[in-house]
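Peer 1: As input, take structure.pdb (PDB, C-alpha atoms, pLDDT in the B column):
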ATOM      1  CA  MET A 116      78.567 148.608 121.378  1.00 42.00           C
ATOM      2  CA  GLU A 117      81.116 149.200 124.159  1.00 50.00           C
ATOM      3  CA  GLU A 118      80.462 145.707 125.600  1.00 52.00           C
ATOM      4  CA  LEU A 119      80.891 144.179 122.129  1.00 47.00           C
ATOM      5  CA  ASN A 120      84.190 145.984 121.632  1.00 55.00           C
ATOM      6  CA  GLN A 121      85.390 144.807 125.035  1.00 59.00           C
ATOM      7  CA  LYS A 122      84.571 141.201 124.155  1.00 56.00           C
ATOM      8  CA  GLU A 123      86.443 141.523 120.885  1.00 57.00           C
ATOM      9  CA  ASN A 124      89.469 142.725 122.833  1.00 61.00           C
ATOM     10  CA  TYR A 125      89.331 139.597 125.034  1.00 60.00           C
ATOM     11  CA  ILE A 126      88.881 137.033 122.247  1.00 57.00           C
ATOM     12  CA  LYS A 127      92.598 136.288 121.926  1.00 73.00           C
ATOM     13  CA  MET A 128      93.233 136.542 125.661  1.00 92.00           C
ATOM     14  CA  LEU A 129      94.697 133.493 127.384  1.00 97.00           C
ATOM     15  CA  ILE A 130      94.314 133.272 131.147  1.00 98.00           C
ATOM     16  CA  ALA A 131      96.112 130.662 133.267  1.00 98.00           C
ATOM     17  CA  ILE A 132      93.972 128.947 135.890  1.00 98.00           C
ATOM     18  CA  THR A 133      94.879 126.547 138.692  1.00 98.00           C
ATOM     19  CA  GLN A 134      93.090 123.265 139.281  1.00 97.00           C
ATOM     20  CA  ARG A 135      91.825 121.101 142.109  1.00 93.00           C
ATOM     21  CA  ARG A 136      93.823 118.010 142.937  1.00 89.00           C
ATOM     22  CA  SER A 137      92.120 114.628 143.248  1.00 84.00           C
ATOM     23  CA  ASN A 138      93.291 111.200 144.397  1.00 79.00           C
ATOM     24  CA  GLU A 139      91.372 109.518 141.577  1.00 77.00           C
ATOM     25  CA  HIS A 140      93.351 107.599 138.943  1.00 72.00           C
ATOM     26  CA  GLU A 141      96.553 107.842 140.998  1.00 71.00           C
ATOM     27  CA  GLY A 142      96.256 111.610 141.053  1.00 78.00           C
ATOM     28  CA  SER A 143      94.234 113.903 138.775  1.00 90.00           C
ATOM     29  CA  ASP A 144      94.008 117.625 138.151  1.00 94.00           C
ATOM     30  CA  VAL A 145      90.418 118.815 137.828  1.00 94.00           C
ATOM     31  CA  LEU A 146      88.847 122.086 136.649  1.00 96.00           C
ATOM     32  CA  GLU A 147      85.118 122.704 137.087  1.00 95.00           C
ATOM     33  CA  ALA A 148      83.301 123.165 133.774  1.00 96.00           C
ATOM     34  CA  SER A 149      81.664 126.318 135.132  1.00 96.00           C
ATOM     35  CA  TYR A 150      84.941 128.236 134.793  1.00 97.00           C
ATOM     36  CA  ASN A 151      85.247 127.557 131.066  1.00 97.00           C
ATOM     37  CA  ASN A 152      81.533 128.185 130.529  1.00 96.00           C
ATOM     38  CA  TYR A 153      81.709 131.539 132.283  1.00 96.00           C
ATOM     39  CA  TYR A 154      84.906 132.958 130.809  1.00 96.00           C
ATOM     40  CA  SER A 155      84.300 131.651 127.292  1.00 95.00           C
ATOM     41  CA  GLN A 156      81.232 133.904 127.137  1.00 92.00           C
ATOM     42  CA  MET A 157      83.658 136.803 127.384  1.00 90.00           C
ATOM     43  CA  GLY A 158      85.857 135.405 124.629  1.00 91.00           C
ATOM     44  CA  VAL A 159      88.570 134.328 127.103  1.00 96.00           C
ATOM     45  CA  THR A 160      90.400 131.003 126.769  1.00 97.00           C
ATOM     46  CA  LEU A 161      91.460 129.437 130.058  1.00 98.00           C
ATOM     47  CA  ILE A 162      94.693 127.439 130.201  1.00 98.00           C
ATOM     48  CA  PRO A 163      94.602 124.916 133.095  1.00 98.00           C
ATOM     49  CA  ILE A 164      97.974 124.721 134.849  1.00 98.00           C
ATOM     50  CA  PRO A 165      99.051 121.269 136.132  1.00 97.00           C
ATOM     51  CA  ASN A 166      99.795 120.958 139.833  1.00 96.00           C
ATOM     52  CA  ASN A 167     103.527 120.839 139.259  1.00 96.00           C
ATOM     53  CA  PRO A 168     105.524 123.965 140.138  1.00 97.00           C
ATOM     54  CA  GLN A 169     108.334 122.896 137.788  1.00 96.00           C
ATOM     55  CA  LEU A 170     106.046 123.410 134.780  1.00 97.00           C
ATOM     56  CA  VAL A 171     104.954 126.986 135.507  1.00 97.00           C
ATOM     57  CA  GLN A 172     107.877 128.596 133.674  1.00 95.00           C
ATOM     58  CA  GLN A 173     107.375 126.344 130.617  1.00 96.00           C
ATOM     59  CA  TYR A 174     103.714 127.287 130.242  1.00 97.00           C
ATOM     60  CA  PHE A 175     104.445 131.002 130.351  1.00 97.00           C
ATOM     61  CA  ASP A 176     107.446 130.685 128.042  1.00 95.00           C
ATOM     62  CA  ARG A 177     105.333 128.982 125.373  1.00 96.00           C
ATOM     63  CA  LEU A 178     101.986 130.732 125.745  1.00 96.00           C
ATOM     64  CA  ASN A 179     101.240 134.430 125.883  1.00 94.00           C
ATOM     65  CA  MET A 180      99.061 134.316 128.992  1.00 97.00           C
ATOM     66  CA  THR A 181      98.064 137.726 130.302  1.00 96.00           C
ATOM     67  CA  GLY A 182      96.452 136.849 133.632  1.00 98.00           C
ATOM     68  CA  ILE A 183      96.192 134.181 136.317  1.00 98.00           C
ATOM     69  CA  ILE A 184      93.197 132.862 138.243  1.00 98.00           C
ATOM     70  CA  LEU A 185      93.784 130.927 141.457  1.00 98.00           C
ATOM     71  CA  SER A 186      90.630 128.827 141.476  1.00 98.00           C
ATOM     72  CA  GLY A 187      88.475 127.588 144.348  1.00 95.00           C
ATOM     73  CA  GLY A 188      87.927 124.130 145.778  1.00 90.00           C
ATOM     74  CA  GLY A 189      90.002 122.202 148.275  1.00 89.00           C
ATOM     75  CA  ILE A 190      91.875 123.032 151.470  1.00 91.00           C
ATOM     76  CA  ILE A 191      95.201 124.806 151.926  1.00 94.00           C
ATOM     77  CA  TYR A 192      97.893 122.724 153.621  1.00 95.00           C
ATOM     78  CA  PRO A 193      97.677 123.893 157.281  1.00 95.00           C
ATOM     79  CA  PRO A 194     101.438 123.860 158.090  1.00 96.00           C
ATOM     80  CA  LEU A 195     101.788 126.775 155.640  1.00 97.00           C
ATOM     81  CA  TYR A 196     100.092 129.014 158.209  1.00 96.00           C
ATOM     82  CA  ASN A 197     100.691 127.066 161.455  1.00 94.00           C
ATOM     83  CA  GLY A 198      97.257 125.470 161.225  1.00 93.00           C
ATOM     84  CA  LYS A 199      96.238 122.043 162.487  1.00 93.00           C
ATOM     85  CA  ILE A 200      96.191 118.900 160.354  1.00 93.00           C
ATOM     86  CA  ASN A 201      92.731 117.289 160.341  1.00 89.00           C
ATOM     87  CA  SER A 202      92.821 113.565 159.614  1.00 84.00           C
ATOM     88  CA  SER A 203      89.449 113.728 157.863  1.00 80.00           C
ATOM     89  CA  ASP A 204      90.632 116.308 155.311  1.00 85.00           C
ATOM     90  CA  GLU A 205      92.583 115.790 152.088  1.00 88.00           C
ATOM     91  CA  TYR A 206      95.603 118.001 151.449  1.00 91.00           C
ATOM     92  CA  PHE A 207      97.613 118.417 148.280  1.00 93.00           C
ATOM     93  CA  PRO A 208     100.790 120.414 148.986  1.00 94.00           C
ATOM     94  CA  GLU A 209     101.760 120.205 145.302  1.00 96.00           C
ATOM     95  CA  ARG A 210      98.871 122.536 144.488  1.00 96.00           C
ATOM     96  CA  ASP A 211      99.995 125.019 147.125  1.00 97.00           C
ATOM     97  CA  SER A 212     103.541 124.841 145.734  1.00 98.00           C
ATOM     98  CA  THR A 213     102.288 125.431 142.191  1.00 98.00           C
ATOM     99  CA  GLU A 214     100.256 128.445 143.274  1.00 98.00           C
ATOM    100  CA  LYS A 215     103.259 129.847 145.127  1.00 98.00           C
ATOM    101  CA  ALA A 216     105.303 129.502 141.937  1.00 98.00           C
ATOM    102  CA  LEU A 217     102.559 131.308 140.011  1.00 98.00           C
ATOM    103  CA  LEU A 218     102.449 134.135 142.550  1.00 98.00           C
ATOM    104  CA  ASP A 219     106.238 134.459 142.451  1.00 98.00           C
ATOM    105  CA  TYR A 220     106.201 134.559 138.648  1.00 98.00           C
ATOM    106  CA  ALA A 221     103.288 137.001 138.430  1.00 97.00           C
ATOM    107  CA  ILE A 222     104.848 139.463 140.844  1.00 97.00           C
ATOM    108  CA  ASN A 223     108.150 139.343 138.967  1.00 96.00           C
ATOM    109  CA  LYS A 224     106.507 139.778 135.552  1.00 96.00           C
ATOM    110  CA  ASP A 225     103.643 142.104 136.601  1.00 97.00           C
ATOM    111  CA  ILE A 226     100.873 139.686 135.592  1.00 97.00           C
ATOM    112  CA  PRO A 227      97.451 140.309 137.192  1.00 98.00           C
ATOM    113  CA  ILE A 228      96.076 137.653 139.553  1.00 98.00           C
ATOM    114  CA  LEU A 229      92.501 137.007 140.686  1.00 98.00           C
ATOM    115  CA  GLY A 230      92.036 134.632 143.638  1.00 98.00           C
ATOM    116  CA  ILE A 231      88.623 132.975 143.992  1.00 98.00           C
ATOM    117  CA  CYS A 232      87.576 131.503 147.367  1.00 96.00           C
ATOM    118  CA  ARG A 233      90.427 129.076 148.137  1.00 96.00           C
ATOM    119  CA  GLY A 234      92.564 131.105 145.754  1.00 97.00           C
ATOM    120  CA  MET A 235      91.957 134.220 147.838  1.00 97.00           C
ATOM    121  CA  GLN A 236      92.922 132.307 150.991  1.00 96.00           C
ATOM    122  CA  ARG A 237      96.104 131.083 149.280  1.00 98.00           C
ATOM    123  CA  ILE A 238      97.073 134.679 148.492  1.00 98.00           C
ATOM    124  CA  ASN A 239      96.506 135.664 152.115  1.00 98.00           C
ATOM    125  CA  VAL A 240      98.762 132.828 153.318  1.00 98.00           C
ATOM    126  CA  TYR A 241     101.390 133.694 150.684  1.00 98.00           C
ATOM    127  CA  PHE A 242     101.681 137.197 152.148  1.00 98.00           C
ATOM    128  CA  GLY A 243     101.898 135.943 155.733  1.00 98.00           C
ATOM    129  CA  GLY A 244      98.240 135.859 156.717  1.00 98.00           C
ATOM    130  CA  SER A 245      96.434 132.995 158.411  1.00 97.00           C
ATOM    131  CA  ILE A 246      93.198 131.010 158.104  1.00 94.00           C
ATOM    132  CA  ILE A 247      90.335 130.279 160.490  1.00 90.00           C
ATOM    133  CA  GLN A 248      89.947 126.625 159.576  1.00 86.00           C
ATOM    134  CA  SER A 249      86.304 126.319 160.655  1.00 74.00           C
ATOM    135  CA  LEU A 250      84.326 129.556 160.802  1.00 74.00           C
ATOM    136  CA  THR A 251      81.400 127.734 162.424  1.00 74.00           C
ATOM    137  CA  ASN A 252      83.447 126.218 165.251  1.00 68.00           C
ATOM    138  CA  GLU A 253      86.190 128.784 165.797  1.00 64.00           C
ATOM    139  CA  PHE A 254      84.727 132.191 164.953  1.00 68.00           C
ATOM    140  CA  HIS A 255      82.127 133.479 167.410  1.00 62.00           C
ATOM    141  CA  GLY A 256      79.122 134.969 165.687  1.00 65.00           C
ATOM    142  CA  ALA A 257      80.076 133.726 162.214  1.00 64.00           C
ATOM    143  CA  LEU A 258      77.431 133.526 159.539  1.00 67.00           C
ATOM    144  CA  ASN A 259      76.791 130.289 157.731  1.00 71.00           C
ATOM    145  CA  HIS A 260      79.172 130.631 154.779  1.00 73.00           C
ATOM    146  CA  LYS A 261      78.798 127.146 153.332  1.00 74.00           C
ATOM    147  CA  GLU A 262      76.458 126.495 150.391  1.00 76.00           C
ATOM    148  CA  THR A 263      74.394 129.639 150.894  1.00 83.00           C
ATOM    149  CA  ARG A 264      74.053 133.296 149.885  1.00 88.00           C
ATOM    150  CA  HIS A 265      74.542 136.392 152.008  1.00 87.00           C
ATOM    151  CA  PRO A 266      75.038 140.146 151.685  1.00 94.00           C
ATOM    152  CA  ILE A 267      78.424 141.833 151.698  1.00 96.00           C
ATOM    153  CA  LYS A 268      79.392 145.446 152.236  1.00 97.00           C
ATOM    154  CA  LEU A 269      81.918 147.131 149.965  1.00 98.00           C
ATOM    155  CA  ILE A 270      84.309 149.259 152.005  1.00 97.00           C
ATOM    156  CA  ASP A 271      86.675 150.682 149.394  1.00 97.00           C
ATOM    157  CA  ASN A 272      85.711 153.839 147.520  1.00 97.00           C
ATOM    158  CA  SER A 273      87.308 152.754 144.240  1.00 96.00           C
ATOM    159  CA  ILE A 274      85.027 149.702 143.848  1.00 97.00           C
ATOM    160  CA  ILE A 275      81.997 151.595 145.184  1.00 97.00           C
ATOM    161  CA  LYS A 276      82.551 154.215 142.477  1.00 96.00           C
ATOM    162  CA  ASN A 277      82.745 151.582 139.719  1.00 95.00           C
ATOM    163  CA  TYR A 278      79.894 149.420 141.056  1.00 95.00           C
ATOM    164  CA  GLN A 279      77.811 152.472 142.075  1.00 95.00           C
ATOM    165  CA  ASP A 280      76.637 150.863 145.314  1.00 95.00           C
ATOM    166  CA  ASP A 281      78.148 149.589 148.561  1.00 97.00           C
ATOM    167  CA  ILE A 282      75.945 146.516 149.142  1.00 96.00           C
ATOM    168  CA  ALA A 283      75.754 143.281 147.131  1.00 94.00           C
ATOM    169  CA  GLU A 284      74.606 139.699 147.590  1.00 93.00           C
ATOM    170  CA  VAL A 285      77.013 136.874 146.765  1.00 94.00           C
ATOM    171  CA  ASN A 286      77.104 133.095 146.801  1.00 92.00           C
ATOM    172  CA  SER A 287      79.151 131.416 149.514  1.00 81.00           C
ATOM    173  CA  HIS A 288      80.764 127.976 149.448  1.00 86.00           C
ATOM    174  CA  HIS A 289      83.520 128.092 152.067  1.00 77.00           C
ATOM    175  CA  ALA A 290      83.844 126.634 155.563  1.00 78.00           C
ATOM    176  CA  SER A 291      87.142 128.396 156.288  1.00 84.00           C
ATOM    177  CA  GLY A 292      88.043 132.068 156.010  1.00 89.00           C
ATOM    178  CA  PHE A 293      89.567 134.946 157.957  1.00 92.00           C
ATOM    179  CA  ASP A 294      88.884 138.257 159.628  1.00 92.00           C
ATOM    180  CA  LYS A 295      91.119 141.345 159.930  1.00 95.00           C
ATOM    181  CA  LEU A 296      93.165 139.706 162.691  1.00 94.00           C
ATOM    182  CA  HIS A 297      94.099 136.864 160.305  1.00 95.00           C
ATOM    183  CA  LEU A 298      94.497 139.066 157.223  1.00 98.00           C
ATOM    184  CA  SER A 299      98.016 139.713 155.961  1.00 98.00           C
ATOM    185  CA  SER A 300      99.247 143.186 156.892  1.00 98.00           C
ATOM    186  CA  GLN A 301     100.191 143.617 153.216  1.00 98.00           C
ATOM    187  CA  LEU A 302      96.607 143.264 151.960  1.00 98.00           C
ATOM    188  CA  ILE A 303      93.728 145.738 152.083  1.00 98.00           C
ATOM    189  CA  PRO A 304      90.100 144.530 152.363  1.00 98.00           C
ATOM    190  CA  PHE A 305      87.492 145.938 150.009  1.00 98.00           C
ATOM    191  CA  ALA A 306      84.463 143.877 151.084  1.00 97.00           C
ATOM    192  CA  GLN A 307      83.313 142.161 154.246  1.00 96.00           C
ATOM    193  CA  ALA A 308      80.357 140.131 155.518  1.00 93.00           C
ATOM    194  CA  GLU A 309      78.067 141.060 158.404  1.00 91.00           C
ATOM    195  CA  ASP A 310      80.176 138.910 160.772  1.00 87.00           C
ATOM    196  CA  GLN A 311      83.280 140.966 159.846  1.00 89.00           C
ATOM    197  CA  THR A 312      84.926 138.152 157.896  1.00 93.00           C
ATOM    198  CA  ILE A 313      86.835 139.405 154.858  1.00 96.00           C
ATOM    199  CA  GLU A 314      85.090 138.802 151.534  1.00 96.00           C
ATOM    200  CA  ALA A 315      87.520 140.562 149.198  1.00 98.00           C
ATOM    201  CA  PHE A 316      90.930 142.237 149.270  1.00 98.00           C
ATOM    202  CA  TYR A 317      93.648 143.696 147.066  1.00 98.00           C
ATOM    203  CA  HIS A 318      97.376 144.311 147.237  1.00 98.00           C
ATOM    204  CA  PRO A 319      98.236 148.024 147.094  1.00 97.00           C
ATOM    205  CA  LYS A 320     101.502 147.445 145.196  1.00 97.00           C
ATOM    206  CA  TYR A 321     100.984 144.349 143.034  1.00 97.00           C
ATOM    207  CA  ALA A 322      98.195 143.558 140.539  1.00 98.00           C
ATOM    208  CA  ILE A 323      96.590 141.036 142.889  1.00 98.00           C
ATOM    209  CA  ALA A 324      93.076 140.830 144.321  1.00 98.00           C
ATOM    210  CA  GLY A 325      90.869 138.104 145.747  1.00 98.00           C
ATOM    211  CA  ILE A 326      87.175 137.427 146.317  1.00 98.00           C
ATOM    212  CA  MET A 327      85.565 134.731 148.467  1.00 95.00           C
ATOM    213  CA  TRP A 328      82.576 134.116 146.196  1.00 97.00           C
ATOM    214  CA  HIS A 329      82.314 132.376 142.807  1.00 96.00           C
ATOM    215  CA  PRO A 330      81.220 134.485 139.790  1.00 96.00           C
ATOM    216  CA  GLU A 331      81.363 131.364 137.587  1.00 96.00           C
ATOM    217  CA  ARG A 332      78.695 129.589 139.673  1.00 94.00           C
ATOM    218  CA  GLU A 333      76.006 132.217 139.144  1.00 94.00           C
ATOM    219  CA  HIS A 334      73.137 131.399 136.793  1.00 88.00           C
ATOM    220  CA  VAL A 335      72.387 135.079 136.253  1.00 88.00           C
ATOM    221  CA  GLN A 336      75.130 137.628 135.672  1.00 85.00           C
ATOM    222  CA  LEU A 337      75.402 139.979 138.645  1.00 92.00           C
ATOM    223  CA  LYS A 338      76.576 143.542 138.170  1.00 96.00           C
ATOM    224  CA  LEU A 339      79.308 143.284 140.819  1.00 97.00           C
ATOM    225  CA  ASN A 340      80.814 140.204 139.174  1.00 96.00           C
ATOM    226  CA  THR A 341      80.695 141.768 135.719  1.00 96.00           C
ATOM    227  CA  THR A 342      82.349 144.912 137.092  1.00 97.00           C
ATOM    228  CA  LEU A 343      85.177 143.045 138.808  1.00 97.00           C
ATOM    229  CA  ILE A 344      85.907 140.515 136.067  1.00 97.00           C
ATOM    230  CA  THR A 345      85.864 143.203 133.383  1.00 96.00           C
ATOM    231  CA  MET A 346      88.334 145.217 135.434  1.00 97.00           C
ATOM    232  CA  PHE A 347      90.549 142.147 135.905  1.00 98.00           C
ATOM    233  CA  LEU A 348      90.617 141.395 132.180  1.00 97.00           C
ATOM    234  CA  SER A 349      91.219 145.007 131.164  1.00 96.00           C
ATOM    235  CA  ARG A 350      93.841 145.657 133.880  1.00 97.00           C
ATOM    236  CA  LYS A 351      91.936 148.409 135.644  1.00 97.00           C
ATOM    237  CA  LEU A 352      91.034 149.046 139.273  1.00 97.00           C
ATOM    238  CA  TYR A 353      93.129 146.756 141.538  1.00 98.00           C
ATOM    239  CA  TRP A 354      94.869 145.145 138.558  1.00 98.00           C
ATOM    240  CA  LYS A 355      96.228 148.242 136.882  1.00 95.00           C
ATOM    241  CA  LYS A 356      99.786 147.986 135.626  1.00 85.00           C
ATOM    242  CA  THR A 357     102.497 148.417 138.193  1.00 72.00           C
ATOM    243  CA  ILE A 358     104.671 151.499 137.795  1.00 61.00           C
ATOM    244  CA  LYS A 359     108.305 150.402 138.094  1.00 57.00           C
TER     245      LYS A 359
END
Please lay out the structure from this file as structure tokens.

Peer 2:
Amino acid sequence: MEELNQKENYIKMLIAITQRRSNEHEGSDVLEASYNNYYSQMGVTLIPIPNNPQLVQQYFDRLNMTGIILSGGGIIYPPLYNGKINSSDEYFPERDSTEKALLDYAINKDIPILGICRGMQRINVYFGGSIIQSLTNEFHGALNHKETRHPIKLIDNSIIKNYQDDIAEVNSHHASGFDKLHLSSQLIPFAQAEDQTIEAFYHPKYAIAGIMWHPEREHVQLKLNTTLITMFLSRKLYWKKTIK
């Protein structure tokens, strides 16, 4: 009954979500169907935000969106963190600019943000952190994080209390990432992999948290994902309202 009541509370909830950028058709914004499939089961309607920072204010002025998801997929523009341009990679600075505008707006208006994979990395860069562009080539002892699954350890008592365990297994689809040396000093990790790369973090002041795995790509609902997403939607745990 409690789960049913929670879903009823989410039915009218609108959540903004960022999109991949593609060069197809002279430039396209793309959102994986798995996001809509996953969040619609909870009664949430996702509102895809175009990769144009000038439109962010208009969307929030016209729609009562109560949360923001910075989605996965794609590579952050390396000059944002003094990284190296790779000629074989595609970069779309307009997406990074749009996500910066969303972060600025969310912090000002106290709107909760969840960063997923690339979205988590974007948050880290926003707060002054950096990125290891290739974990395989640049990070000694790194696990294989691309197209696989691996365990993580939860290292924050608040999530351990809600999840009731400190170990979980997650999917992994990223080639880049970061450890504590590359983590913004403003962010606090709450999960890490066996190779000490950061798998999740939160901001102690703002309603912002990020995870490196993809809840929407799971075929079976995992307890950790359900715990975190429920907390995000209900503004609990790391997303609780800011006291001003």

Peer 1: What would the list of residues within 12 Å of (100.0, 150.7, 134.7) (file frame) look like as an MDAnalysis selection string, if only C-alpha atoms are what count?

Peer 2: chainID A and resid 225:227 320:322 349:359

Peer 1: Do a neighbour search on region 141-149 of chain A at 12 Å with all atoms listed in the file, toss out local chain neighbours closer than 6 positions, and write the hits as number ranges by chain.

Peer 2: A: 131-135, 155-156, 161-167, 184-189, 207, 209-210, 329-334

Peer 1: Restricting the calculation to only C-alpha atoms: of A:Ile344, A:Glu262, A:Ala308, A:Tyr206, which residue gets closest to Lys295 (chain A)?

Peer 2: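 Using only C-alpha atoms, the shortest distance to Lys295 (chain A) belongs to A:Ala308.
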
Peer 1: Just say which residues the PyMOL selection byres ((chain A and resi 169-180) around 8) picks in this file, as a PyMOL selection string.

Peer 2: chain A and resi 128-131+164-165+167-168+181-183+213+216-217+220

Peer 1: Report, in Å with one decimal, the straight-line distance from CA of Ser202 (chain A) to CA of Asp310 (chain A).

Peer 2: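 These atoms are spaced 28.3 Å apart.
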
Peer 1: For CA of Pro194 (chain A) and CA of Ser245 (chain A), quote the distance in Å rounded to one decimal.

Peer 2: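 One can read the CA of Pro194 (chain A) to CA of Ser245 (chain A) distance as 10.4 Å.
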
Peer 1: Select, counting all atoms listed in the file, all protein, DNA and RNA residues no farther than 9 Å from (90.9, 144.2, 146.8) in file coordinates, and express the selection as an mmCIF file with C-alpha atoms, in the frame of the given file.

Peer 2:
data_model
loop_
_atom_site.group_PDB
_atom_site.id
_atom_site.type_symbol
_atom_site.label_atom_id
_atom_site.label_comp_id
_atom_site.auth_asym_id
_atom_site.auth_seq_id
_atom_site.Cartn_x
_atom_site.Cartn_y
_atom_site.Cartn_z
ATOM 1 C CA ASP A 271 86.675 150.682 149.394
ATOM 2 C CA ILE A 274 85.027 149.702 143.848
ATOM 3 C CA LEU A 302 96.607 143.264 151.960
ATOM 4 C CA ILE A 303 93.728 145.738 152.083
ATOM 5 C CA PRO A 304 90.100 144.530 152.363
ATOM 6 C CA PHE A 305 87.492 145.938 150.009
ATOM 7 C CA ALA A 306 84.463 143.877 151.084
ATOM 8 C CA ALA A 315 87.520 140.562 149.198
ATOM 9 C CA PHE A 316 90.930 142.237 149.270
ATOM 10 C CA TYR A 317 93.648 143.696 147.066
ATOM 11 C CA HIS A 318 97.376 144.311 147.237
ATOM 12 C CA PRO A 319 98.236 148.024 147.094
ATOM 13 C CA ILE A 323 96.590 141.036 142.889
ATOM 14 C CA ALA A 324 93.076 140.830 144.321
ATOM 15 C CA GLY A 325 90.869 138.104 145.747
ATOM 16 C CA ILE A 326 87.175 137.427 146.317
ATOM 17 C CA LEU A 352 91.034 149.046 139.273
ATOM 18 C CA TYR A 353 93.129 146.756 141.538
#

Peer 1: Go through the shown structure with the PyMOL selection byres ((chain A and resi 283-291) around 10) and write out the matching residues as a ChimeraX atom specification.

Peer 2: /A:187-191,232-233,236,246-254,259-269,278,280-282,292-293,306,308,314,327-330,332-333,337-340

Peer 1: Suppose you want the space between CA of Lys215 (chain A) and CA of Lys199 (chain A); what is it in Å?

Peer 2: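 Value for the CA of Lys215 (chain A)-CA of Lys199 (chain A) distance: 20.3 Å.
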
Peer 1: If you take every atom of region 240-244 of chain A that the file lists and fit an axis-aligned box around them with 6 Å extra on each side, what centre and edge lengths come out in Å to one decimal, as AutoDock Vina command-line options?

Peer 2:
--center_x 100.1 --center_y 135.0 --center_z 153.7 --size_x 15.7 --size_y 16.4 --size_z 18.0

Peer 1: Given all atoms listed in the file as the basis, pick out the residue of A:Met235, A:Leu348, A:Ile270, A:Tyr192 nearest to Gln307 (chain A).

Peer 2: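 Nearest to Gln307 (chain A): A:Ile270.
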